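Engineer: Structure file upload_10.cif (mmCIF, C-alpha atoms) right here:
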```cif
data_work
#
loop_
_atom_site.label_atom_id
_atom_site.label_comp_id
_atom_site.auth_asym_id
_atom_site.auth_seq_id
_atom_site.Cartn_x
_atom_site.Cartn_y
_atom_site.Cartn_z
CA MET A 8 99.24 113.09 85.72
CA LEU A 9 98.64 113.03 81.99
CA ASP A 10 101.08 114.69 79.60
CA ILE A 11 99.65 117.99 78.34
CA GLN A 12 100.89 117.00 74.85
CA ILE A 13 98.17 114.34 74.71
CA PHE A 14 95.51 117.05 75.00
CA ARG A 15 97.23 119.05 72.28
CA GLU A 16 97.88 116.22 69.83
CA ASN A 17 95.27 113.54 70.55
CA PRO A 18 92.45 114.79 72.80
CA ASP A 19 90.13 112.06 71.52
CA LEU A 20 92.37 109.50 73.25
CA VAL A 21 91.60 111.18 76.58
CA ARG A 22 87.89 111.41 75.77
CA GLN A 23 87.71 107.74 74.84
CA SER A 24 89.50 106.75 78.05
CA LEU A 25 87.10 108.84 80.15
CA GLN A 26 84.12 107.35 78.35
CA ARG A 27 85.41 103.85 79.09
CA ARG A 28 85.64 104.82 82.76
CA ARG A 29 82.09 106.19 82.47
CA GLN A 30 83.16 109.73 83.30
CA ASP A 31 82.32 113.16 81.93
CA ILE A 32 84.42 114.18 78.91
CA SER A 33 83.71 117.93 79.03
CA PRO A 34 86.83 118.71 81.15
CA VAL A 35 88.94 117.79 78.11
CA ASP A 36 87.74 120.92 76.29
CA GLN A 37 88.34 122.96 79.44
CA VAL A 38 91.97 121.83 79.48
CA ILE A 39 92.40 122.61 75.79
CA ASP A 40 90.92 126.11 76.23
CA LEU A 41 93.04 126.88 79.29
CA ASP A 42 96.17 125.56 77.63
CA GLN A 43 95.61 127.64 74.51
CA LYS A 44 95.01 130.72 76.64
CA ARG A 45 98.14 129.99 78.67
CA ARG A 46 100.30 129.50 75.57
CA ALA A 47 99.00 132.73 74.02
CA LEU A 48 99.69 134.59 77.26
CA LEU A 49 103.15 133.08 77.53
CA GLN A 50 103.94 134.08 73.96
CA ARG A 51 102.78 137.64 74.64
CA VAL A 52 104.73 137.81 77.91
CA GLU A 53 107.92 136.59 76.28
CA GLY A 54 107.43 139.11 73.46
CA LEU A 55 106.97 141.98 75.91
CA ARG A 56 110.00 140.90 77.91
CA ALA A 57 112.07 141.02 74.72
CA GLU A 58 110.64 144.47 73.88
CA LYS A 59 111.45 145.68 77.40
CA ASN A 60 115.05 144.49 77.10
CA GLN A 61 115.42 146.21 73.73
CA ALA A 62 113.86 149.41 75.10
CA SER A 63 116.24 149.36 78.05
CA LYS A 64 119.22 149.07 75.71
CA ALA A 65 117.85 151.87 73.52
CA ILE A 66 117.51 154.16 76.55
CA GLY A 67 121.10 153.49 77.52
CA GLN A 68 122.29 154.29 74.01
CA SER A 69 120.14 157.43 73.53
CA GLN A 70 122.01 160.78 73.60
CA ASP A 71 118.92 163.00 73.22
CA PRO A 72 117.36 163.85 76.63
CA GLY A 73 113.89 164.33 75.14
CA GLU A 74 114.01 161.10 73.23
CA ARG A 75 115.37 159.39 76.34
CA GLN A 76 112.43 160.55 78.48
CA GLU A 77 109.97 159.45 75.80
CA LYS A 78 111.50 155.97 75.71
CA ILE A 79 111.43 155.75 79.51
CA ALA A 80 107.71 156.60 79.48
CA ASP A 81 107.07 154.00 76.79
CA MET A 82 108.99 151.39 78.78
CA LYS A 83 106.95 152.15 81.90
CA THR A 84 103.73 151.63 79.94
CA LEU A 85 105.13 148.41 78.55
CA GLY A 86 106.17 147.38 82.07
CA VAL A 87 102.66 147.88 83.42
CA GLU A 88 101.18 145.71 80.66
CA LEU A 89 103.85 143.07 81.23
CA GLU A 90 103.19 142.97 84.96
CA GLU A 91 99.44 142.53 84.38
CA LEU A 92 99.99 139.69 81.91
CA GLU A 93 102.55 137.99 84.19
CA THR A 94 100.04 138.08 87.03
CA GLU A 95 97.36 136.62 84.76
CA LEU A 96 99.74 133.89 83.64
CA LYS A 97 100.78 133.17 87.22
CA ASP A 98 97.11 132.73 88.18
CA LEU A 99 96.30 130.62 85.13
CA GLU A 100 99.07 128.03 85.52
CA PRO A 101 97.88 126.57 88.87
CA GLU A 102 94.32 126.57 87.52
CA LEU A 103 95.44 124.41 84.60
CA GLU A 104 97.53 122.22 86.91
CA ALA A 105 94.57 121.71 89.25
CA LEU A 106 92.32 120.73 86.37
CA LEU A 107 94.88 118.30 84.96
CA SER A 108 95.20 116.66 88.39
CA THR A 109 91.56 115.55 88.23
CA PHE A 110 92.13 113.35 85.17
CA PRO A 111 92.67 109.64 85.81
CA ASN A 112 95.27 107.62 83.96
CA LEU A 113 94.57 106.46 80.41
CA VAL A 114 92.94 103.04 80.32
CA ASP A 115 94.92 100.26 78.69
CA ASP A 116 93.29 98.56 75.71
CA ARG A 117 93.33 95.23 77.59
CA VAL A 118 91.05 96.47 80.36
CA PRO A 119 87.61 94.90 79.90
CA GLU A 120 84.50 97.04 79.74
CA GLY A 121 82.31 97.05 82.82
CA ALA A 122 80.36 99.28 85.16
CA ASP A 123 81.65 98.00 88.51
CA GLU A 124 83.46 95.15 90.28
CA SER A 125 80.70 92.70 89.39
CA GLU A 126 81.99 92.82 85.79
CA ASN A 127 85.66 92.13 86.55
CA GLN A 128 87.02 89.16 84.59
CA VAL A 129 88.31 86.11 86.42
CA MET A 130 91.57 85.23 84.68
CA LYS A 131 92.45 82.10 86.64
CA THR A 132 91.67 80.22 89.84
CA VAL A 133 94.38 78.35 91.74
CA GLY A 134 93.86 75.75 94.45
CA GLU A 135 90.82 73.95 95.78
CA LYS A 136 88.42 75.32 98.34
CA PRO A 137 88.79 73.42 101.62
CA GLU A 138 86.07 70.89 102.44
CA PHE A 139 84.77 70.28 105.97
CA ASP A 140 82.68 67.58 107.62
CA PHE A 141 81.24 70.33 109.82
CA GLN A 142 79.89 73.84 109.33
CA PRO A 143 82.93 76.17 109.24
CA GLN A 144 82.64 79.27 111.39
CA PRO A 145 83.17 82.81 110.17
CA HIS A 146 86.05 84.64 111.84
CA TRP A 147 83.73 86.90 113.83
CA ASP A 148 82.60 83.80 115.75
CA LEU A 149 85.83 81.80 115.49
CA GLY A 150 88.17 84.57 116.70
CA PRO A 151 86.36 85.35 119.97
CA ALA A 152 85.95 81.62 120.68
CA LEU A 153 89.72 81.25 120.37
CA GLY A 154 90.26 84.26 122.61
CA ILE A 155 92.33 86.07 119.96
CA LEU A 156 89.77 88.61 118.68
CA ASP A 157 88.04 91.19 120.86
CA PHE A 158 85.49 93.42 119.19
CA GLU A 159 84.02 94.96 122.35
CA ARG A 160 87.30 96.45 123.60
CA GLY A 161 88.15 97.71 120.12
CA VAL A 162 84.84 99.59 120.04
CA LYS A 163 85.44 100.83 123.59
CA LEU A 164 88.79 102.31 122.56
CA SER A 165 88.01 103.73 119.13
CA GLY A 166 84.45 102.96 117.99
CA THR A 167 83.04 100.80 115.23
CA ARG A 168 85.35 99.02 112.77
CA PHE A 169 88.12 98.69 115.34
CA TYR A 170 89.15 95.54 117.20
CA ILE A 171 91.84 94.08 119.44
CA LEU A 172 94.03 91.07 118.63
CA ASN A 173 95.03 89.15 121.72
CA GLY A 174 98.01 86.92 122.46
CA ILE A 175 98.54 84.38 119.70
CA GLY A 176 96.25 86.41 117.43
CA ALA A 177 98.56 89.41 117.69
CA ARG A 178 101.56 87.14 117.16
CA LEU A 179 99.94 85.56 114.09
CA GLN A 180 99.40 89.03 112.61
CA ARG A 181 103.05 89.90 113.26
CA ALA A 182 104.16 86.55 111.85
CA LEU A 183 102.27 87.18 108.63
CA VAL A 184 103.86 90.61 108.20
CA SER A 185 107.38 89.27 108.89
CA PHE A 186 106.88 86.26 106.61
CA MET A 187 105.71 88.44 103.73
CA LEU A 188 108.52 90.98 104.13
CA ASP A 189 111.14 88.23 104.32
CA SER A 190 109.65 86.52 101.27
CA HIS A 191 109.80 89.70 99.19
CA THR A 192 113.29 90.70 100.33
CA GLY A 193 114.37 87.20 99.34
CA HIS A 194 113.08 87.88 95.82
CA GLY A 195 114.89 91.13 95.08
CA TYR A 196 112.90 93.78 96.93
CA GLU A 197 114.69 96.14 99.32
CA GLU A 198 112.84 96.73 102.57
CA ARG A 199 112.03 100.27 103.66
CA TYR A 200 110.49 101.52 106.89
CA THR A 201 108.68 104.73 106.00
CA PRO A 202 106.81 107.43 107.94
CA PHE A 203 103.14 106.77 108.61
CA MET A 204 102.38 110.49 108.23
CA VAL A 205 103.45 112.43 105.13
CA LYS A 206 103.23 115.85 103.49
CA GLU A 207 100.38 116.81 101.20
CA GLU A 208 102.70 116.88 98.18
CA VAL A 209 103.58 113.23 98.82
CA VAL A 210 99.93 112.17 98.89
CA TYR A 211 99.35 114.20 95.72
CA ALA A 212 102.29 112.58 93.91
CA SER A 213 100.81 109.10 94.30
CA GLY A 214 97.45 110.21 92.86
CA GLN A 215 95.49 110.08 96.14
CA LEU A 216 94.84 113.83 96.07
CA PRO A 217 92.65 115.56 95.17
CA LYS A 218 90.49 112.58 94.16
CA PHE A 219 90.32 110.76 97.50
CA ALA A 220 90.66 113.62 99.99
CA ASP A 221 87.40 112.69 101.73
CA ASN A 222 88.60 109.15 102.35
CA LEU A 223 91.91 110.13 103.99
CA TYR A 224 92.77 111.17 107.54
CA HIS A 225 94.36 114.62 107.80
CA ASP A 226 95.94 116.45 110.73
CA HIS A 227 95.03 120.04 109.89
CA GLU A 228 97.22 121.62 112.57
CA ASP A 229 100.53 120.19 111.31
CA ASP A 230 99.25 119.42 107.78
CA PHE A 231 100.19 115.74 107.97
CA TRP A 232 98.28 113.08 106.06
CA TRP A 233 98.03 109.55 107.49
CA VAL A 234 99.12 107.08 104.83
CA PRO A 235 96.28 105.06 103.23
CA THR A 236 98.91 102.65 101.85
CA ALA A 237 102.71 102.37 101.75
CA GLU A 238 102.41 103.09 98.03
CA VAL A 239 102.15 106.78 98.99
CA PRO A 240 105.56 107.22 100.68
CA LEU A 241 107.24 104.69 98.36
CA THR A 242 106.18 106.74 95.32
CA SER A 243 107.99 109.80 96.65
CA LEU A 244 111.20 108.14 97.85
CA HIS A 245 112.76 109.38 94.61
CA LYS A 246 110.61 112.48 94.13
CA ASP A 247 112.35 115.22 92.08
CA GLU A 248 115.27 112.89 91.29
CA ILE A 249 116.97 111.79 88.09
CA LEU A 250 117.89 108.12 88.34
CA ASN A 251 120.60 106.27 86.43
CA GLU A 252 119.39 103.71 83.92
CA GLU A 253 121.84 101.15 85.28
CA ASP A 254 120.08 101.31 88.67
CA LEU A 255 116.70 100.33 87.24
CA PRO A 256 114.57 98.50 88.10
CA ILE A 257 114.43 99.60 91.74
CA SER A 258 112.21 97.36 93.83
CA TYR A 259 110.97 98.15 97.34
CA THR A 260 108.81 96.45 99.93
CA ALA A 261 107.46 98.07 103.07
CA TYR A 262 105.08 97.44 105.92
CA THR A 263 102.75 100.18 107.15
CA PRO A 264 99.49 100.41 108.94
CA CYS A 265 96.97 101.97 106.55
CA PHE A 266 94.38 104.55 107.56
CA ARG A 267 91.17 105.14 105.59
CA ARG A 268 87.81 106.64 106.43
CA GLU A 269 86.13 103.90 104.37
CA LYS A 270 83.41 106.27 103.17
CA MET A 271 83.67 104.51 99.83
CA SER A 272 82.58 101.22 101.38
CA ALA A 273 79.10 102.49 102.27
CA GLY A 274 76.52 99.76 101.67
CA ARG A 275 79.10 96.96 101.65
CA GLU A 276 79.19 93.98 103.97
CA VAL A 277 81.45 95.13 106.80
CA ARG A 278 80.85 92.47 109.43
CA GLY A 279 83.91 91.25 111.30
CA ILE A 280 87.33 92.66 110.41
CA LYS A 281 87.04 92.75 106.61
CA ARG A 282 86.87 96.54 106.45
CA GLY A 283 88.33 98.87 109.05
CA HIS A 284 89.65 102.38 109.39
CA GLN A 285 93.08 100.94 110.29
CA PHE A 286 94.69 97.83 108.84
CA ASP A 287 98.16 96.42 108.15
CA LYS A 288 99.62 95.85 104.72
CA VAL A 289 102.88 94.84 103.10
CA GLU A 290 103.46 96.71 99.86
CA MET A 291 105.62 96.11 96.78
CA TYR A 292 106.76 99.01 94.61
CA ILE A 293 108.88 99.16 91.45
CA TYR A 294 110.52 101.93 89.41
CA CYS A 295 111.58 100.81 85.94
CA ARG A 296 112.17 101.78 82.32
CA PRO A 297 108.99 102.08 80.22
CA GLU A 298 109.99 99.12 78.04
CA ASP A 299 110.32 96.92 81.13
CA SER A 300 107.06 97.76 82.91
CA GLU A 301 105.02 94.89 81.45
CA ALA A 302 107.59 92.32 82.57
CA GLN A 303 107.78 93.96 85.99
CA PHE A 304 103.99 93.84 86.27
CA LEU A 305 104.01 90.09 85.66
CA ARG A 306 106.84 89.71 88.16
CA MET A 307 104.94 91.62 90.84
CA GLN A 308 101.73 89.67 90.25
CA ALA A 309 103.69 86.41 90.53
CA ASP A 310 105.25 87.62 93.78
CA ALA A 311 101.82 88.35 95.25
CA GLU A 312 100.54 84.97 94.09
CA ARG A 313 103.56 83.28 95.65
CA ILE A 314 102.44 84.42 99.12
CA CYS A 315 99.02 82.84 98.57
CA LEU A 316 100.63 79.60 97.40
CA LEU A 317 103.00 79.42 100.37
CA LEU A 318 100.08 79.97 102.76
CA ASP A 319 98.10 77.32 100.86
CA LEU A 320 95.21 79.73 100.27
CA PRO A 321 92.94 79.11 97.26
CA TYR A 322 92.97 82.28 95.18
CA ARG A 323 91.81 83.75 91.93
CA VAL A 324 93.18 86.55 89.76
CA ASN A 325 90.78 89.12 88.33
CA ASN A 326 91.32 91.59 85.52
CA LEU A 327 89.67 94.80 86.73
CA CYS A 328 87.11 96.33 84.39
CA THR A 329 86.96 99.99 83.40
CA GLY A 330 84.37 100.87 86.03
CA ASP A 331 86.46 99.41 88.87
CA LEU A 332 89.89 100.54 87.73
CA GLY A 333 91.81 102.77 90.14
CA PHE A 334 92.42 106.45 89.41
CA ALA A 335 96.19 106.16 88.84
CA ALA A 336 96.20 102.74 87.17
CA ALA A 337 96.43 101.95 83.46
CA TYR A 338 95.50 98.36 84.25
CA THR A 339 95.17 96.26 87.40
CA SER A 340 94.84 92.66 88.44
CA ASP A 341 93.24 91.83 91.78
CA ILE A 342 94.03 88.72 93.79
CA GLU A 343 91.28 87.32 95.98
CA VAL A 344 91.59 84.48 98.48
CA TRP A 345 88.79 82.14 99.50
CA ALA A 346 87.55 82.43 103.09
CA ALA A 347 85.59 79.31 104.00
CA GLY A 348 83.79 80.63 107.08
CA CYS A 349 82.20 83.69 105.52
CA GLY A 350 82.00 81.85 102.21
CA GLU A 351 83.39 84.54 99.94
CA TRP A 352 86.37 85.69 97.95
CA LEU A 353 88.30 88.46 99.72
CA GLU A 354 90.61 90.85 97.89
CA VAL A 355 94.12 90.75 99.36
CA SER A 356 96.10 92.41 96.57
CA SER A 357 95.77 94.87 93.73
CA VAL A 358 98.73 94.93 91.34
CA SER A 359 98.77 98.00 89.11
CA ASN A 360 100.90 99.47 86.37
CA THR A 361 100.58 103.26 86.55
CA ARG A 362 103.09 103.79 83.73
CA ASP A 363 104.42 107.38 83.94
CA PHE A 364 101.31 108.79 85.66
CA GLN A 365 102.78 108.94 89.17
CA ALA A 366 106.28 109.71 87.91
CA ARG A 367 105.02 112.90 86.24
CA ARG A 368 103.37 114.04 89.46
CA ALA A 369 106.49 113.22 91.48
CA ALA A 370 108.97 114.39 88.80
CA ILE A 371 110.91 111.12 88.75
CA ARG A 372 113.06 110.66 85.66
CA TYR A 373 115.97 108.55 84.54
CA ARG A 374 118.85 109.26 82.21
CA PRO A 375 119.72 106.52 79.71
CA ASP A 376 123.35 105.45 79.69
CA GLY A 377 125.38 107.92 77.67
CA GLY A 378 122.34 110.08 76.96
CA LYS A 379 121.59 113.69 77.81
CA LYS A 380 117.79 113.64 77.56
CA THR A 381 115.86 112.32 80.55
CA HIS A 382 112.68 110.25 80.52
CA PHE A 383 109.98 109.56 83.08
CA VAL A 384 110.19 106.17 84.76
CA HIS A 385 107.26 103.79 84.97
CA THR A 386 106.02 102.86 88.43
CA LEU A 387 104.12 99.80 89.63
CA ASN A 388 102.58 98.96 92.96
CA GLY A 389 100.99 95.91 94.51
CA SER A 390 99.85 94.60 97.87
CA GLY A 391 101.97 91.78 99.02
CA LEU A 392 99.59 91.14 100.86
CA ALA A 393 96.94 93.08 102.78
CA LEU A 394 95.76 92.23 106.25
CA PRO A 395 93.43 91.48 107.95
CA ARG A 396 91.89 89.54 105.06
CA VAL A 397 94.84 87.17 104.85
CA MET A 398 94.35 86.57 108.58
CA ILE A 399 90.64 85.87 107.97
CA ALA A 400 91.41 83.26 105.29
CA VAL A 401 94.15 81.61 107.38
CA LEU A 402 91.82 81.25 110.38
CA GLU A 403 88.71 80.19 108.50
CA ASN A 404 90.37 77.77 106.08
CA ASN A 405 92.48 76.04 108.73
CA GLN A 406 89.86 75.59 111.42
CA GLN A 407 89.23 72.15 112.86
CA LYS A 408 86.09 70.41 114.08
CA ASP A 409 87.08 70.95 117.74
CA GLY A 410 87.26 74.72 117.17
CA SER A 411 91.05 74.92 116.97
CA VAL A 412 93.03 76.43 114.10
CA VAL A 413 96.15 74.86 112.59
CA ILE A 414 98.76 77.48 111.75
CA PRO A 415 100.26 77.10 108.25
CA GLU A 416 103.69 75.48 108.43
CA VAL A 417 105.35 78.32 106.54
CA LEU A 418 104.57 80.65 109.49
CA HIS A 419 106.05 78.39 112.18
CA PRO A 420 109.47 80.14 112.28
CA TRP A 421 107.75 83.33 113.47
CA MET A 422 105.27 81.72 115.89
CA GLY A 423 107.57 80.86 118.77
CA GLY A 424 106.69 77.18 118.75
CA VAL A 425 102.91 77.65 118.53
CA GLU A 426 101.49 75.45 115.77
CA VAL A 427 97.83 75.24 116.82
CA ILE A 428 95.53 77.85 118.32
CA GLU A 429 93.30 76.09 120.81
CA PRO A 430 89.82 77.33 121.75
CA LEU A 431 89.24 78.76 125.22
#
```
Turn the structure described in the file into structure tokens.
Structural biologist:
Amino acid sequence: MLDIQIFRENPDLVRQSLQRRRQDISPVDQVIDLDQKRRALLQRVEGLRAEKNQASKAIGQSQDPGERQEKIADMKTLGVELEELETELKDLEPELEALLSTFPNLVDDRVPEGADESENQVMKTVGEKPEFDFQPQPHWDLGPALGILDFERGVKLSGTRFYILNGIGARLQRALVSFMLDSHTGHGYEERYTPFMVKEEVVYASGQLPKFADNLYHDHEDDFWWVPTAEVPLTSLHKDEILNEEDLPISYTAYTPCFRREKMSAGREVRGIKRGHQFDKVEMYIYCRPEDSEAQFLRMQADAERICLLLDLPYRVNNLCTGDLGFAAAYTSDIEVWAAGCGEWLEVSSVSNTRDFQARRAAIRYRPDGGKKTHFVHTLNGSGLALPRVMIAVLENNQQKDGSVVIPEVLHPWMGGVEVIEPL
């Protein structure tokens, strides 16, 4: 959430950021009007409370019965006015809060201008695309031929955009998750196993609500929300806490399945397992001091890239443009891996610096050593990495002419001796 002081002191900064995101700027004036009304009400309420306290003291000190009754009547009138204004203020505050919650994070100056993902900037490309002396198959043909991917039974169980992984395919998925978690814990991240269902306030704290309510799964009876990413529970691990400066940065990694309605993917190519309502992901998350967030961003991006390098997957890093930037992010880099069978770059990670945007929503602060005043932490999140697209690239890039797939050597410790997936 944005600091209300920005609207008071530099509203044009918010307007410019919204314009860069190609969004309506009129809500800025609505916030300013509501805030001014709230502050005027608050001032009046505090004044009346002081008057009421003074009147109460005066009544207690009065010796004249007539004067005493007159002051009591005046205090009752004052009390009625105070109660009305307190009710108005009580109703106004959530209205202002709700309006503020619709504003995305301020866009960093480094974010390039652009309408959508087609205008993202490629920052670098690493590795060479694999070459074949045969026509490589896409995973939707390769997987069933290997006996590891079953679309029909996935549809039978749950409908479109669901699938079953069989045998070695299921083990390969598990191996990828374990490999990524072990890699991150070996580089300073603490592993957490979090709930897959969370409270509404937890989804709100990460910035998913109210913006993406239509894209999330919600159990209305118990008011649980299925996590769309481990970023959501990891954001609120320290909700409403004051952290010690000496403990920062705090770095977490976690595996969760992710659940999304995928309404936002309408019109996209969804063949195979590229987009589903349920998918696995390993997440990285960092809490740090504001002055350290840029260095931590570069660290997290490098950690995501390291997974691609270890799996020997060609990848590229994109700087997201203003039209593709996420709601909570100040800036983001996407990592895409090359998938030879479908012949396209597939996004496997988004690394974002949200600065204090999520920390304000979740009320996460830190106290500098020896200081009394607290400050909001900065938070960063990044996929490290997301399945099933890593699985797609591993299968398609490592396929052989005879239809088999060679499993990357780095995954062998988790594969139980299986080094090649043979076709049926």
Engineer: Rounded to one decimal place, report the atom CA of A:Tyr196-atom CA of A:Ser390 distance in Å.
Structural biologist: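 Answer for the atom CA of A:Tyr196 to atom CA of A:Ser390 separation: 13.1 Å.
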Engineer: Could you tell me which of A:Ser258, A:Asn173, A:Ser125, A:Asn112 comes closest to A:Gln23 if we count only C-alpha atoms?
Structural biologist: A:Asn112
Engineer: Place a sphere of radius 10 Å on (94.1, 98.0, 89.2) in the file coordinates and name every protein, DNA or RNA residue with an atom inside or on its surface, counting only C-alpha atoms; give the answer as a PyMOL selection string.
Structural biologist: chain A and resi 118+325-329+331-341+356-361+388-389
Engineer: Quick one, how far is atom CA of A:Arg323 from atom CA of A:Trp352?
Structural biologist: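 Separation between atom CA of A:Arg323 and atom CA of A:Trp352: 8.3 Å.
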Engineer: Of the residues A:Glu290, A:Asp19, A:Glu312, A:Asp148, which is the one nearest to A:Val184, using all atoms listed in the file?
Structural biologist: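 Among the listed residues, the smallest separation from A:Val184 belongs to A:Glu290.
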Engineer: Pick from A:Asn17, A:Phe110, A:Val52, A:Asp310: nearest to A:Ile32, with only C-alpha atoms counted?
Structural biologist: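 Ranked by minimum distance to A:Ile32, first place goes to A:Phe110.
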Engineer: Given the choices A:Ile249, A:Ala57, A:Cys295, A:Ala220, which gets closest to A:Arg267 if the distance is worked out from all atoms listed in the file?
Structural biologist: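 Checking each of A:Ile249, A:Ala57, A:Cys295, A:Ala220 against A:Arg267, counting all atoms listed in the file, the winner is A:Ala220.
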Engineer: Between atom CA of A:Ala366 and atom CA of A:Pro119, what is the spacing in Å?
Structural biologist: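 Between these atoms lies a distance of 25.1 Å.
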Engineer: Could you expand the PyMOL selection byres ((chain A and resi 33-43) around 12) into the explicit residues it covers here, written as a PyMOL selection string?
Structural biologist: chain A and resi 9-26+30-32+44-50+95-96+98-111
Engineer: Please write out, as JSON, where the centre of an axis-aligned box around all listed atoms of stretch 191-207 of chain A lies and how long its edges are, in Å to one decimal, after adding 6 Å on each side.
Structural biologist:
```
{"center_x": 107.6, "center_y": 102.0, "center_z": 101.8, "size_x": 26.5, "size_y": 41.6, "size_z": 25.5}
```
Engineer: If the PyMOL selection byres ((chain A and resi 145) around 9) is run on the structure shown, which residues does it catch, given as a list in words?
Structural biologist: Pro143, Gln144, His146, Trp147, Asp148, Leu149, Gly150, Gly279, Ala346, Ala347, Gly348, Cys349, Gly350, Ile399, Leu402 and Glu403 of chain A
Engineer: Calculated over only C-alpha atoms, which of the candidates A:Arg306, A:Lys288, A:Arg278, A:Lys408 has the smallest distance to A:Tyr170?
Structural biologist: A:Arg278
Engineer: Which residue out of A:Val412, A:Gly166, A:Val417, A:Ser243 has the minimum interatomic distance to A:Leu153 when all atoms listed in the file are used?
Structural biologist: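 Checking each of A:Val412, A:Gly166, A:Val417, A:Ser243 against A:Leu153, counting all atoms listed in the file, the winner is A:Val412.
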Engineer: With the file shown as input, list the residues that the PyMOL selection byres ((chain A and resi 198-208) around 9) selects, as a ChimeraX atom specification.
Structural biologist: /A:188-189,191-192,196-197,209-213,216,230-237,239-241,243,258-265,369
Engineer: Might you pull out every residue within 9 Å of A:Phe169, with all atoms listed in the file counted and same-chain residues fewer than 6 positions away left off, and present them as number ranges by chain?
Structural biologist: A: 158-163, 280, 283-285
Engineer: Counting all atoms listed in the file, note down every residue that has an atom within 10 Å of the point (92.3, 80.5, 95.4) (file coordinates), as a PyMOL selection string.
Structural biologist: chain A and resi 131-136+312+315-316+319-324+342-346+352-353
